[in-house]
Amino acid sequence: MQEYFFTMYLDYEQCLDFYDGSIKFVQVVEDQGKRIRFPATHVRKFVSSIGIRGRFRLCLDAQSAFISLEKIA
């Protein structure tokens, strides 16, 4: 299993694009500088009235398939 840690700050207006389908993927830069892209549907549960703010842990399997995304702070 691979773990990646990153911080995400998006305002509510930016998050609306996840729901209308205009954004299909999210690309982040994890703490070690690697760019990671995953389906935007995985961040929907973290959207609040102010958008998305916080630290996250992304877990992928050995073939880089999505396992989980969790907010850690």
# chains A, B, ... in the order shown; residues from 1 in each chain; ligands from 1
$ residues_around --residues "Lys24 in chain A" --least-positions-apart "5" --cutoff "7 Å" --atoms "only C-alpha atoms" --output "count of residues only"
3
$ residues_around --residues "Asp61 in chain A" --least-positions-apart "6" --cutoff "12 Å" --atoms "only C-alpha atoms" --output "list in words"
Met1, Gln2, Glu3, Tyr4, Ile67 and Ser68 of chain A
$ residues_around --residues "Tyr12 in chain A" --least-positions-apart "6" --cutoff "8 Å" --atoms "only C-alpha atoms" --output "number ranges by chain"
A: 47-52
$ closest_residue --among "A:Arg35, A:Ile72, A:Gln27, A:Tyr19" --to "Arg55 in chain A" --atoms "only C-alpha atoms"
A:Ile72
$ atom_distance --atom1 "CA of Ser22 in chain A" --atom2 "CA of Lys34 in chain A"
24.3 Å
$ select_by_dssp --residues "chain A" --states "alpha helix (DSSP H)" --output "ChimeraX atom specification"
/A:12-20
$ write_last_selection --atoms "C-alpha atoms" --output "CSV table (one decimal), in the first residue's frame"
chain,number,residue,atom,x,y,z
A,12,TYR,CA,-17.0,26.5,-2.1
A,13,GLU,CA,-17.4,27.9,-5.6
A,14,GLN,CA,-14.5,25.8,-6.8
A,15,CYS,CA,-16.1,22.7,-5.3
A,16,LEU,CA,-19.3,23.2,-7.2
A,17,ASP,CA,-17.5,22.0,-10.4
A,18,PHE,CA,-17.2,18.5,-8.8
A,19,TYR,CA,-20.9,18.2,-8.7
A,20,ASP,CA,-21.8,19.5,-12.2
$ atom_distance --atom1 "CA of Asp11 in chain A" --atom2 "CA of Arg53 in chain A"
8.2 Å
$ atom_distance --atom1 "CA of Leu60 in chain A" --atom2 "CA of Gly21 in chain A"
23.5 Å
$ closest_residue --among "A:Gln32, A:Thr7, A:Leu58, A:Arg37" --to "Ala73 in chain A" --atoms "only C-alpha atoms"
A:Thr7
$ closest_residue --among "A:Gly33, A:Phe38, A:Lys45, A:Phe25" --to "Phe5 in chain A" --atoms "only C-alpha atoms"
A:Gly33
$ select_by_dssp --residues "chain A" --states "strand (DSSP E)" --output "PyMOL selection string"
chain A and resi 2-10+25-29+35-39+52-60+66-71
$ closest_residue --among "A:Thr41, A:Ser64, A:Cys59, A:Val26" --to "Leu10 in chain A" --atoms "only C-alpha atoms"
A:Val26
$ decode --residues "range 31-52 of chain A" --atoms "N, CA and C atoms" --output "PDB file, in the first residue's frame"
ATOM      1  N   ASP A  31       3.211  15.801  -0.113  1.00  0.00           N
ATOM      2  CA  ASP A  31       4.258  16.452   0.676  1.00  0.00           C
ATOM      3  C   ASP A  31       5.672  16.261   0.140  1.00  0.00           C
ATOM      4  N   GLN A  32       5.928  15.168  -0.569  1.00  0.00           N
ATOM      5  CA  GLN A  32       7.258  14.901  -1.103  1.00  0.00           C
ATOM      6  C   GLN A  32       7.448  15.447  -2.521  1.00  0.00           C
ATOM      7  N   GLY A  33       6.416  16.114  -3.052  1.00  0.00           N
ATOM      8  CA  GLY A  33       6.522  16.764  -4.350  1.00  0.00           C
ATOM      9  C   GLY A  33       5.958  15.990  -5.529  1.00  0.00           C
ATOM     10  N   LYS A  34       5.440  14.803  -5.292  1.00  0.00           N
ATOM     11  CA  LYS A  34       4.882  13.985  -6.373  1.00  0.00           C
ATOM     12  C   LYS A  34       3.464  14.445  -6.698  1.00  0.00           C
ATOM     13  N   ARG A  35       3.162  14.553  -7.999  1.00  0.00           N
ATOM     14  CA  ARG A  35       1.802  14.894  -8.441  1.00  0.00           C
ATOM     15  C   ARG A  35       0.974  13.624  -8.514  1.00  0.00           C
ATOM     16  N   ILE A  36      -0.234  13.692  -7.938  1.00  0.00           N
ATOM     17  CA  ILE A  36      -1.125  12.537  -7.915  1.00  0.00           C
ATOM     18  C   ILE A  36      -2.489  12.985  -8.414  1.00  0.00           C
ATOM     19  N   ARG A  37      -3.079  12.177  -9.272  1.00  0.00           N
ATOM     20  CA  ARG A  37      -4.391  12.479  -9.851  1.00  0.00           C
ATOM     21  C   ARG A  37      -5.355  11.355  -9.481  1.00  0.00           C
ATOM     22  N   PHE A  38      -6.559  11.738  -9.029  1.00  0.00           N
ATOM     23  CA  PHE A  38      -7.564  10.741  -8.681  1.00  0.00           C
ATOM     24  C   PHE A  38      -8.953  11.305  -8.983  1.00  0.00           C
ATOM     25  N   PRO A  39      -9.966  10.440  -9.104  1.00  0.00           N
ATOM     26  CA  PRO A  39     -11.320  10.902  -9.447  1.00  0.00           C
ATOM     27  C   PRO A  39     -11.876  11.900  -8.433  1.00  0.00           C
ATOM     28  N   ALA A  40     -12.471  12.970  -8.947  1.00  0.00           N
ATOM     29  CA  ALA A  40     -13.008  14.041  -8.102  1.00  0.00           C
ATOM     30  C   ALA A  40     -14.149  13.561  -7.212  1.00  0.00           C
ATOM     31  N   THR A  41     -14.797  12.481  -7.580  1.00  0.00           N
ATOM     32  CA  THR A  41     -15.906  11.977  -6.757  1.00  0.00           C
ATOM     33  C   THR A  41     -15.465  11.653  -5.336  1.00  0.00           C
ATOM     34  N   HIS A  42     -14.191  11.351  -5.143  1.00  0.00           N
ATOM     35  CA  HIS A  42     -13.700  10.981  -3.810  1.00  0.00           C
ATOM     36  C   HIS A  42     -13.604  12.162  -2.845  1.00  0.00           C
ATOM     37  N   VAL A  43     -13.625  13.390  -3.344  1.00  0.00           N
ATOM     38  CA  VAL A  43     -13.534  14.543  -2.437  1.00  0.00           C
ATOM     39  C   VAL A  43     -14.894  15.139  -2.096  1.00  0.00           C
ATOM     40  N   ARG A  44     -15.945  14.687  -2.751  1.00  0.00           N
ATOM     41  CA  ARG A  44     -17.284  15.266  -2.519  1.00  0.00           C
ATOM     42  C   ARG A  44     -17.699  15.245  -1.058  1.00  0.00           C
ATOM     43  N   LYS A  45     -17.396  14.169  -0.348  1.00  0.00           N
ATOM     44  CA  LYS A  45     -17.842  14.069   1.047  1.00  0.00           C
ATOM     45  C   LYS A  45     -17.142  15.056   1.980  1.00  0.00           C
ATOM     46  N   PHE A  46     -16.080  15.702   1.508  1.00  0.00           N
ATOM     47  CA  PHE A  46     -15.339  16.654   2.335  1.00  0.00           C
ATOM     48  C   PHE A  46     -15.735  18.107   2.081  1.00  0.00           C
ATOM     49  N   VAL A  47     -16.656  18.340   1.171  1.00  0.00           N
ATOM     50  CA  VAL A  47     -17.084  19.704   0.850  1.00  0.00           C
ATOM     51  C   VAL A  47     -18.019  20.213   1.943  1.00  0.00           C
ATOM     52  N   SER A  48     -17.710  21.383   2.469  1.00  0.00           N
ATOM     53  CA  SER A  48     -18.563  22.037   3.469  1.00  0.00           C
ATOM     54  C   SER A  48     -19.000  23.390   2.919  1.00  0.00           C
ATOM     55  N   SER A  49     -19.636  24.180   3.727  1.00  0.00           N
ATOM     56  CA  SER A  49     -20.108  25.494   3.283  1.00  0.00           C
ATOM     57  C   SER A  49     -18.963  26.446   2.938  1.00  0.00           C
ATOM     58  N   ILE A  50     -17.763  26.155   3.412  1.00  0.00           N
ATOM     59  CA  ILE A  50     -16.600  26.987   3.074  1.00  0.00           C
ATOM     60  C   ILE A  50     -15.722  26.336   2.007  1.00  0.00           C
ATOM     61  N   GLY A  51     -16.085  25.161   1.559  1.00  0.00           N
ATOM     62  CA  GLY A  51     -15.294  24.455   0.548  1.00  0.00           C
ATOM     63  C   GLY A  51     -14.590  23.251   1.149  1.00  0.00           C
ATOM     64  N   ILE A  52     -13.364  23.042   0.730  1.00  0.00           N
ATOM     65  CA  ILE A  52     -12.539  21.961   1.287  1.00  0.00           C
ATOM     66  C   ILE A  52     -11.291  22.581   1.878  1.00  0.00           C
TER      67      ILE A  52
END
